[in-house]
Amino acid sequence: MRRPSEPLLRAFALLAVAAAPAAASAHDVPKDRRYTTVVVADRSPRTASQRTLGPAEIAASPRRRSADDLLRLVPGVLLIQHGAEGKGQQMFMRGFDAAHGADIEVKVAGVAVNELSNIHGQGYVDLGFVVPEVVRRVTANKGPFLLDQGNFANAGTIRFELGVEPEARGSRVGYEFGSTLRHRGVFVHAPKNMSKETFFAVEAMTDRGFARARAAQRATFLGQIRLLDSKSHGALDLTAGVYAARFDAPGAVRADDVAAGKVDRIDAYRGDGGGRSYRLFTALRHQLDLGVGKLEQRLHGQLRDLDLVEDFTGWLLDPVAGDRRGQRHRFASLGYQLDYRRPLHPNLDFVAGGAWQGDLVRQHDVRVDAHHQVVSRNWDLGVGQHQAHARAGLRWHPVSRLTIEAGARLDLLAYDVRDRIDPDRHGRKVLALPSPRINAAVRLAPFASLFLAYGRGLRAPEARAVLGGPVPEDTSLDRYRGGPARIVASDSVEVGARFQHRERVSAGVALFGTWIDRELVFDHVSAVNIELNRTRRLGVDLDLAVWPRRWLQLRQDLSLVQARFVESGAPVPLAPPFMSATGLTLVHPSGLRAGARFLVVGSRALPHGARTSAYALLDLSLGYRVGPLQLDLQLDNVTNAVWKEGEYHYASWWDRADPRSTIPTLHYLAGPPLTARIGATLWL
């Protein structure tokens with residue numbers, strides 16, 4: 001009899017002609033052997049700065065409250081949360097202030113989750129639907145050097161690979177309690193007789209936060225199953241997730257108000273900010289071995305709803321009703337991806353692929369009063385948008401010590417935008433950008449390799465920019481030229497080396513540069529396209545890992561970058577010029593595991609000549625497993641350092657007893673103090 005899932009698989013197999021071998025089942029590994037090694041070395045990195053975090057390193061991480069915390073483990077990545085847990089983080093990497101994801105592409109199960117034309121921020125990334133316990137690996141490819149890196153990958157691409165390793169399969173239930181009245185429960189079921197791709201996870205969390213207006217709650221289901229492993233039709237994996245969250249948004253406080261005692265440094269001016277986030281995510285992946293090549297297809301879809309109320313300026317814009325801003329973003333998305341690889345010669349492979357994604361978007365942005373009633377409407381748009389690309393290239397081994405990958409991709413974007421406030425405003429736009437990519441790896445010795453890479457990255461405009469016009473002459477932005485919506489392209493180069501001495505020492509150095517001829521951003525307040533001058537980013541990434549024992553890793557990562565406007569020499573605001581992370585990961589066969597991470601972030605430039613404060617944080621984790629019971633203790637900010645997580649420089653008016661002023665002043669959000677979480681996991 002035909003199995004029920006075969007008709008679905010046959011639909012995918014219309015594009016293929018041969019069979020794929022069945023994947024091996026996971027082995028039943030004794031529980032006391034789980035994660036007894038922390039050796040994580042990229043066996044065949046394609047660029048000098050490629051970095052992979054493995055299961056043991058993730059499991060022993062001092063911070064793993066959410067998938068966002070796994071992003072923090074990537075060297076050179078800085079995240080700032082200017083809301084509560086559940087709101088998209090502000091992201092920084094390689095001299096880019098990527099806002100909520102505008103210059104860092106993030107993929108989950110092979111699907112890019114950056115949201116084109118999100119009402120709150122271009123490229124918005126919300127990883128709340130990813131349960132950290134089922135993340136197998138996190139791979140960071142810095143720079144836009146690989147053909148499959150797409151929109152928003154100017155600074156790089158970070159990939160989350162889902163699954164459960166054979167050593168950790170089975171069923172487990174966990175509970176975590178934190179000093180901020182945090183309660184988190186998680187259940188993971190990964191059948192031992194099935195492959196690592198199959199799992200089911202349920203998570204529920206509530207957290208009051210360390211201060212007022214910082215509470216968060218979420219509930220998540222995420223599952224993945226290998227529907228079929230067939231010699232005649234290939235392998236088929238289904239991934240599905242449902243996610244709902246509520247979170248507060250405290251806003252920032254003025255530094256001069258804190259100094260005058262008008263507000264506490266960890267307080268908020270208003271306690272009614274926050275939002276709700278919902279997501280339905282699904283992806284169907286089909287893999288085949290065609291005998292003369294390999295084919296992978298992926299069909300994916302999402303439904304998304306984001307509601308948000310924030311206020312960063314008080315009474316500055318509206319002295320009567322206040323400056324609270326309400327935003328809502330809803331979209332439905334459907335996409336398809338295709339990857340193909342075929343050997344043309346024993347030393348030459350042909351690679352090709354393409355993708356399409358279509359979105360239907362409804363978004364509005366309004367000014368609301370203290371009761372969250374609409375005072376004025378800023379935006380109310382209906383958007384249809386498409387993004388597609390095709391790519392082709394060659395992977396060549398002219399000699400055993402040299403590998404060259406070269407090719408190009410063509411990205412296409414199309415927008416159809418209707419203004420529901422002014423029906424006469426209707427914009428359409430089609431944009432295209434070719435992107436050459438090339439990288440080479442030379443094995444100088446069995447333990448050393450040299451890497452070179454060049455690539456063009458891109459950041460697509462958001463739908464609102466299609467309706468935007470030039471900068472009005474009476475605005476403070478008139479020193480910039482306004483212009484039509486267009487793709488922002490970057491050109492990046494990287495040269496570096498990696499050294500690997502067996503499984504004892506791994507080291508890497510990467511020198512990089514990124515140039516953007518004409519920066520273009522869409523200013524949400526003035527509703528215009530702001531065209532900036534040429535920028536360049538020059539820097540170096542260094543990493544060193546030592547394994548005194550297979551169960552012990554010591555690591556040092558260092559990122560230095562200078563981000564400047566070329567003509568004026570002024571620094572690019574908010575980009576961190578210096579980051580250092582020192583880490584320890586211990587997973588001993590006895591059941592003991594521990595982790596430590598010491599992070600140092602240098603002072604960053606702010607607009608109008610201001611600067612942020614530097615800070616250093618130490619996080620620790622300690623765990624022990626005996627039989628089926630595992631206990632964990634996690635401490636964040638062990639030294640209870642007083643630090644500022646986010647700092648900004650803009651005008652606001654909170655105390656109406658003072659004269660109204662549009663002069664920018666320093667604002668900040670206090671970073672969390674010492675917090676502790678204790679957790680227990682029962683392996684069933």
# chains A, B, ... in the order shown; residues from 1 in each chain; ligands from 1

$ residues_around --residues "Arg159 in chain A" --least-positions-apart "3" --cutoff "6 Å" --atoms "only C-alpha atoms" --output "list in words"
Val106, Lys107, Val138 and Thr139 of chain A

$ select_by_dssp --residues "range 446-645 of chain A" --states "strand (DSSP E)" --output "number ranges by chain"
A: 448-459, 488-501, 505-516, 520-523, 528-531, 535-549, 552-565, 578-587, 592-601, 615-626, 629-636, 644-645

$ residues_around --residues "Leu444 in chain A" --least-positions-apart "6" --cutoff "10 Å" --atoms "only C-alpha atoms" --output "list of chain:residue names"
A:Arg401, A:Leu402, A:Leu450, A:Ala497, A:Phe499

$ closest_residue --among "A:Gly353, A:Pro672, A:Gly76, A:Gly185" --to "Gln337 in chain A" --atoms "only C-alpha atoms"
A:Gly353

$ atom_distance --atom1 "CA of Leu586 in chain A" --atom2 "CA of Ala56 in chain A"
8.6 Å

$ select_by_dssp --residues "range 86-324 of chain A" --states "helix (DSSP H, G or I)" --output "VMD selection string"
chain A and resid 132 to 134 166 to 168 255 to 259

$ residues_around --residues "Ser621 in chain A" --least-positions-apart "6" --cutoff "8 Å" --atoms "only C-alpha atoms" --output "PyMOL selection string"
chain A and resi 60-63+594-596+632-635

$ closest_residue --among "A:Thr313, A:Glu167, A:Ile404, A:Gly54" --to "Ser661 in chain A" --atoms "only C-alpha atoms"
A:Thr313

$ residues_around --residues "Val600 in chain A" --least-positions-apart "4" --cutoff "6 Å" --atoms "only C-alpha atoms" --output "PyMOL selection string"
chain A and resi 579-580+615-616

$ write_last_selection --atoms "N, CA, C and O atoms" --output "short mmCIF file (atom, residue, chain, number, x, y, z; two decimals), in the first residue's frame"
data_model
loop_
_atom_site.label_atom_id
_atom_site.label_comp_id
_atom_site.auth_asym_id
_atom_site.auth_seq_id
_atom_site.Cartn_x
_atom_site.Cartn_y
_atom_site.Cartn_z
N MET A 579 34.86 45.01 20.59
CA MET A 579 34.17 43.99 21.38
C MET A 579 35.13 42.85 21.67
O MET A 579 35.86 42.40 20.79
N SER A 580 35.11 42.40 22.91
CA SER A 580 35.94 41.27 23.33
C SER A 580 35.09 40.30 24.13
O SER A 580 34.35 40.73 25.02
N TYR A 615 31.29 49.17 28.77
CA TYR A 615 30.89 48.33 29.90
C TYR A 615 31.47 46.92 29.75
O TYR A 615 31.93 46.52 28.67
N ALA A 616 31.48 46.21 30.87
CA ALA A 616 31.96 44.83 30.92
C ALA A 616 30.99 44.01 31.75
O ALA A 616 30.52 44.45 32.79
#

$ atom_distance --atom1 "CA of Thr514 in chain A" --atom2 "CA of Gly646 in chain A"
25.0 Å

$ residues_around --residues "Val351 in chain A" --least-positions-apart "2" --cutoff "12 Å" --atoms "only C-alpha atoms" --output "PyMOL selection string"
chain A and resi 146-148+293-296+338-344+348-349+353-354+390-396+405-409

$ residues_around --residues "range 543-555 of chain A" --least-positions-apart "5" --cutoff "6 Å" --atoms "only C-alpha atoms" --output "PyMOL selection string"
chain A and resi 36-38+504-508+582-588

$ closest_residue --among "A:Ala414, A:Trp683, A:Leu303, A:Gly95" --to "Leu538 in chain A" --atoms "only C-alpha atoms"
A:Gly95

$ closest_residue --among "A:Gly457, A:Pro664, A:Gly335, A:Pro132" --to "Asn154 in chain A" --atoms "only C-alpha atoms"
A:Gly457
